[in-house]
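Undergrad: Take this structure, written in structure tokens, and hold onto it; I'll ask about it next.
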Amino acid sequence: MTSFRAEGQRLKDRQVVASGGEFPASIAVHGKAAYVMNAGGEGSVQGFRITGEGLKPLKGSHRSLGLDNEEIPRFDTSPGEVEFTPDGRNLVVTTKGNNTVEVFPMKRDGLPAVAQPVVNDSAGGVPFAISFDRSGKRMMVAEAEKSTVTTYQVKRDGRLKVLQEPLANGQETLCWLERAGNYFYGGNTGNSTVTGYRMDKQGTLSLTNGVGIATPPSAKSQGVIDLAVTEDEKFVYVQNAVSGTVDGFRVEADGALTKVTTAEGLPAFDESGMEGIAAV
């Protein structure tokens with residue numbers, strides 16, 4: 001893993017540390033703790049303390065996910081994402097191949113409270129991305145098999161309670177899900193569309209429109225693999241790996257997305273490729 005110190009728009013003091021496993025693929029941060037998800041081999045999570053000198057391994061934090069992948073895993077068998085619950089009490093991992101959502105209850109010292117994760121069967125097929133509502137009390141998991149989203153409550157002991165059964169969007173291969181206020185936006189890699197969702201005051205999730213498409217796709221918007229929302233939650237950026245572009249959208253009052261920019265000329269997936277995006 002590589003860490004940097006940010007000074008304005010510049011990244012300095014590059015530091016590289018071993019991830020504690022094979023093929024690190026996702027990272028979660030809460031306070032001064034960072035956990036990386038290693039997708040290769042048996043899979044694992046490894047904790048680090050964030051310090052002024054960079055990342056320092058957190059002794060006693062390494063936990064296996066009990067998978068059986070190659071060192072470089074197949075996309076469909078690798079775990080999907082690792083995230084802390086907003087209160088920091090649980091660390092959540094989705095495993096696509098096992099159709100499970102696995103939870104590590106955490107201690108106050110930043111170490112997992114259990115030797116093995118609490119394994120929950122996924123309500124939908126191929127659980128992938130994780131997101132939380134504004135209150136932090138509801139967890140949404142995007143499921144790639146039928147492009148669905150399930151809403152859960154994460155209990156203190158790591159068990160999950162289904163609050164809303166899988167909601168289908170009618171698109172193909174939902175992979176990523178990000179929140180912007182009371183709206184959520186999902187990237188459907190299979191047909192390069194973006195779906196909008198709204199959450200009402202009772203916590204019920206629904207589509208922003210009947211067809212499940214928040215913005216029309218274009219020839220320059222192919223291979224949707226990731227999304228990012230700005231800190232003010234007014235803009236959504238969509239990464240298009242096949243076409244080598246990033247689309248920027250304004251979030252409208254009704255949850256629709258209006259395109260405001262397209263960045264072109266980025267590495268396409270069949271060349272050096274790009275994967276992962278963040279917004280400020």
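In the structure tokens, chains take the letters A, B, ... in the order shown, each chain's residues start at 1, and ligands count up from 1 in the order shown.
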Which residues are close to region 146-155 of chain A, i.e. within 10 Å by only C-alpha atoms, leaving aside same-chain residues fewer than 5 positions away? Reply as a ChimeraX atom specification.
TA: /A:85,89-90,92,103,105,122-133,136-141,160-175,177,186-190,195,197,203-206
Undergrad: Near Leu257 (chain A), within 12 Å and counting only C-alpha atoms, which residues show up once chain neighbours fewer than 5 positions away are dropped, as a PyMOL selection string?
TA: chain A and resi 180+183-185+193-197+208-209+213-217+234-238+247-252
Undergrad: Output N, CA and C atoms of each residue in that selection to a file, as an mmCIF file, in the first residue's frame.
TA:
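What ended up in out37.cif:
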```cif
data_model
loop_
_atom_site.group_PDB
_atom_site.id
_atom_site.type_symbol
_atom_site.label_atom_id
_atom_site.label_comp_id
_atom_site.auth_asym_id
_atom_site.auth_seq_id
_atom_site.Cartn_x
_atom_site.Cartn_y
_atom_site.Cartn_z
ATOM 1 N N ALA A 180 -25.297 10.681 -2.165
ATOM 2 C CA ALA A 180 -25.246 12.139 -2.278
ATOM 3 C C ALA A 180 -26.482 12.681 -1.573
ATOM 4 N N TYR A 183 -29.935 10.821 -1.772
ATOM 5 C CA TYR A 183 -29.919 10.053 -3.016
ATOM 6 C C TYR A 183 -28.706 9.133 -3.033
ATOM 7 N N PHE A 184 -28.843 8.036 -3.777
ATOM 8 C CA PHE A 184 -27.742 7.122 -4.015
ATOM 9 C C PHE A 184 -27.625 6.915 -5.517
ATOM 10 N N TYR A 185 -26.383 6.694 -5.978
ATOM 11 C CA TYR A 185 -26.158 6.472 -7.398
ATOM 12 C C TYR A 185 -25.330 5.208 -7.576
ATOM 13 N N THR A 193 -24.667 2.140 -17.488
ATOM 14 C CA THR A 193 -25.660 3.122 -17.073
ATOM 15 C C THR A 193 -25.462 3.469 -15.600
ATOM 16 N N VAL A 194 -26.098 4.567 -15.197
ATOM 17 C CA VAL A 194 -26.071 5.003 -13.798
ATOM 18 C C VAL A 194 -27.508 5.059 -13.302
ATOM 19 N N THR A 195 -27.775 4.396 -12.194
ATOM 20 C CA THR A 195 -29.112 4.362 -11.604
ATOM 21 C C THR A 195 -29.173 5.298 -10.403
ATOM 22 N N GLY A 196 -30.293 6.009 -10.279
ATOM 23 C CA GLY A 196 -30.512 6.863 -9.120
ATOM 24 C C GLY A 196 -31.526 6.239 -8.169
ATOM 25 N N TYR A 197 -31.268 6.405 -6.869
ATOM 26 C CA TYR A 197 -32.167 5.924 -5.823
ATOM 27 C C TYR A 197 -32.436 7.069 -4.853
ATOM 28 N N THR A 208 -35.322 6.649 -8.579
ATOM 29 C CA THR A 208 -35.711 8.028 -8.865
ATOM 30 C C THR A 208 -36.583 8.128 -10.104
ATOM 31 N N ASN A 209 -36.546 7.089 -10.958
ATOM 32 C CA ASN A 209 -37.464 7.042 -12.092
ATOM 33 C C ASN A 209 -37.760 5.589 -12.434
ATOM 34 N N ILE A 213 -32.633 4.615 -14.789
ATOM 35 C CA ILE A 213 -31.491 5.317 -15.393
ATOM 36 C C ILE A 213 -31.577 6.798 -15.012
ATOM 37 N N ALA A 214 -30.576 7.262 -14.252
ATOM 38 C CA ALA A 214 -30.586 8.652 -13.789
ATOM 39 C C ALA A 214 -30.088 9.610 -14.847
ATOM 40 N N THR A 215 -29.313 9.106 -15.795
ATOM 41 C CA THR A 215 -28.784 9.939 -16.869
ATOM 42 C C THR A 215 -28.548 9.069 -18.091
ATOM 43 N N PRO A 216 -28.886 9.524 -19.297
ATOM 44 C CA PRO A 216 -28.706 8.702 -20.492
ATOM 45 C C PRO A 216 -27.229 8.410 -20.761
ATOM 46 N N PRO A 217 -26.872 7.172 -21.074
ATOM 47 C CA PRO A 217 -25.482 6.854 -21.419
ATOM 48 C C PRO A 217 -25.134 7.410 -22.787
ATOM 49 N N LYS A 234 -23.048 17.764 -4.184
ATOM 50 C CA LYS A 234 -23.745 18.410 -5.293
ATOM 51 C C LYS A 234 -23.361 17.848 -6.655
ATOM 52 N N PHE A 235 -22.249 17.103 -6.715
ATOM 53 C CA PHE A 235 -21.776 16.608 -8.000
ATOM 54 C C PHE A 235 -21.366 15.140 -7.879
ATOM 55 N N VAL A 236 -21.611 14.403 -8.970
ATOM 56 C CA VAL A 236 -21.248 12.995 -9.069
ATOM 57 C C VAL A 236 -20.311 12.823 -10.263
ATOM 58 N N TYR A 237 -19.216 12.100 -10.045
ATOM 59 C CA TYR A 237 -18.278 11.818 -11.136
ATOM 60 C C TYR A 237 -18.279 10.319 -11.408
ATOM 61 N N VAL A 238 -18.358 9.974 -12.683
ATOM 62 C CA VAL A 238 -18.477 8.584 -13.113
ATOM 63 C C VAL A 238 -17.269 8.221 -13.969
ATOM 64 N N ASP A 247 -17.132 11.333 -16.537
ATOM 65 C CA ASP A 247 -18.252 12.262 -16.683
ATOM 66 C C ASP A 247 -18.557 12.921 -15.346
ATOM 67 N N GLY A 248 -18.813 14.223 -15.380
ATOM 68 C CA GLY A 248 -19.228 14.957 -14.193
ATOM 69 C C GLY A 248 -20.677 15.371 -14.311
ATOM 70 N N PHE A 249 -21.466 15.169 -13.241
ATOM 71 C CA PHE A 249 -22.894 15.463 -13.251
ATOM 72 C C PHE A 249 -23.274 16.327 -12.042
ATOM 73 N N ARG A 250 -24.228 17.216 -12.251
ATOM 74 C CA ARG A 250 -24.839 17.974 -11.157
ATOM 75 C C ARG A 250 -26.047 17.212 -10.653
ATOM 76 N N VAL A 251 -26.171 17.096 -9.322
ATOM 77 C CA VAL A 251 -27.322 16.418 -8.722
ATOM 78 C C VAL A 251 -28.481 17.406 -8.634
ATOM 79 N N GLU A 252 -29.585 17.104 -9.332
ATOM 80 C CA GLU A 252 -30.749 17.983 -9.326
ATOM 81 C C GLU A 252 -31.643 17.690 -8.120
#
```
Undergrad: Quick one: everything within 7 Å of region 22-25 of chain A, counting only C-alpha atoms, minus sequence neighbours fewer than 3 positions away in the same chain. Send it as number ranges by chain.
TA: A: 19, 36-41, 71-72
Undergrad: Neighbours of Leu111 (chain A) within 10 Å (only C-alpha atoms; same-chain residues fewer than 5 positions away dropped), as a VMD selection string?
TA: chain A and resid 33 46 to 48 58 to 63 104 to 106
Undergrad: Write out as a count of residues only all residues of region 14-231 of chain A that backbone DSSP assigns to strand (DSSP E or B).
TA: 111
Undergrad: Given only C-alpha atoms as the basis, pick out the residue of A:Gly54, A:Val114, A:Lys32, A:Ser192 nearest to Ala6 (chain A).
TA: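 Among the listed residues, the smallest separation from Ala6 (chain A) belongs to A:Gly54.
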Undergrad: In Å to one decimal, how far is CA of Gln116 (chain A) from CA of Gly66 (chain A)?
TA: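 Pair CA of Gly66 (chain A) / CA of Gln116 (chain A) returns 8.9 Å.
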Undergrad: CA of Glu83 (chain A) and CA of Gln9 (chain A), how far apart in Å?
TA: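 For CA of Gln9 (chain A) relative to CA of Glu83 (chain A), the distance reads 25.7 Å.
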Undergrad: In Å, with one decimal, what is the gap from CA of Arg49 (chain A) to CA of Arg108 (chain A)?
TA: 13.1 Å
Undergrad: Give the answer as one residue: which of A:Ser243, A:Asp13, A:Val280, A:Ser78 has the shortest atom-to-atom distance to Gly265 (chain A), using only C-alpha atoms?
TA: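 Among A:Ser243, A:Asp13, A:Val280, A:Ser78, it is A:Ser243 that comes nearest to Gly265 (chain A).
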Undergrad: Tell me, as an NGL selection string, which residues lie within 9 Å of Asn182 (chain A), counting only C-alpha atoms; anything in the same chain fewer than 5 positions away does not count.
TA: :A and (133-134 or 197-200 or 255)
Undergrad: For the selection you just gave me, I'd like the residues written to a file as a PDB file, in the first residue's frame, keeping N, CA, C and O atoms.
TA:
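File selection-v4.pdb, as written:
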```pdb
ATOM      1  N   ASP A 133     -26.578   5.235   4.768  1.00  0.00           N
ATOM      2  CA  ASP A 133     -27.439   6.408   4.676  1.00  0.00           C
ATOM      3  C   ASP A 133     -26.877   7.537   5.532  1.00  0.00           C
ATOM      4  O   ASP A 133     -25.863   7.394   6.223  1.00  0.00           O
ATOM      5  N   ARG A 134     -27.530   8.694   5.466  1.00  0.00           N
ATOM      6  CA  ARG A 134     -27.040   9.880   6.154  1.00  0.00           C
ATOM      7  C   ARG A 134     -26.933   9.665   7.666  1.00  0.00           C
ATOM      8  O   ARG A 134     -26.022  10.175   8.327  1.00  0.00           O
ATOM      9  N   TYR A 197     -31.268   6.405  -6.869  1.00  0.00           N
ATOM     10  CA  TYR A 197     -32.167   5.924  -5.823  1.00  0.00           C
ATOM     11  C   TYR A 197     -32.436   7.069  -4.853  1.00  0.00           C
ATOM     12  O   TYR A 197     -31.568   7.920  -4.626  1.00  0.00           O
ATOM     13  N   ARG A 198     -33.635   7.078  -4.284  1.00  0.00           N
ATOM     14  CA  ARG A 198     -33.934   8.038  -3.216  1.00  0.00           C
ATOM     15  C   ARG A 198     -34.333   7.272  -1.970  1.00  0.00           C
ATOM     16  O   ARG A 198     -34.900   6.178  -2.039  1.00  0.00           O
ATOM     17  N   MET A 199     -34.024   7.860  -0.811  1.00  0.00           N
ATOM     18  CA  MET A 199     -34.429   7.264   0.459  1.00  0.00           C
ATOM     19  C   MET A 199     -35.344   8.241   1.175  1.00  0.00           C
ATOM     20  O   MET A 199     -34.995   9.420   1.370  1.00  0.00           O
ATOM     21  N   ASP A 200     -36.541   7.767   1.562  1.00  0.00           N
ATOM     22  CA  ASP A 200     -37.492   8.659   2.237  1.00  0.00           C
ATOM     23  C   ASP A 200     -37.204   8.717   3.735  1.00  0.00           C
ATOM     24  O   ASP A 200     -36.257   8.094   4.240  1.00  0.00           O
ATOM     25  N   GLY A 255     -33.205  14.337  -7.956  1.00  0.00           N
ATOM     26  CA  GLY A 255     -32.299  13.208  -8.049  1.00  0.00           C
ATOM     27  C   GLY A 255     -31.778  12.920  -9.439  1.00  0.00           C
ATOM     28  O   GLY A 255     -30.915  12.057  -9.604  1.00  0.00           O
TER      29      GLY A 255
END
```
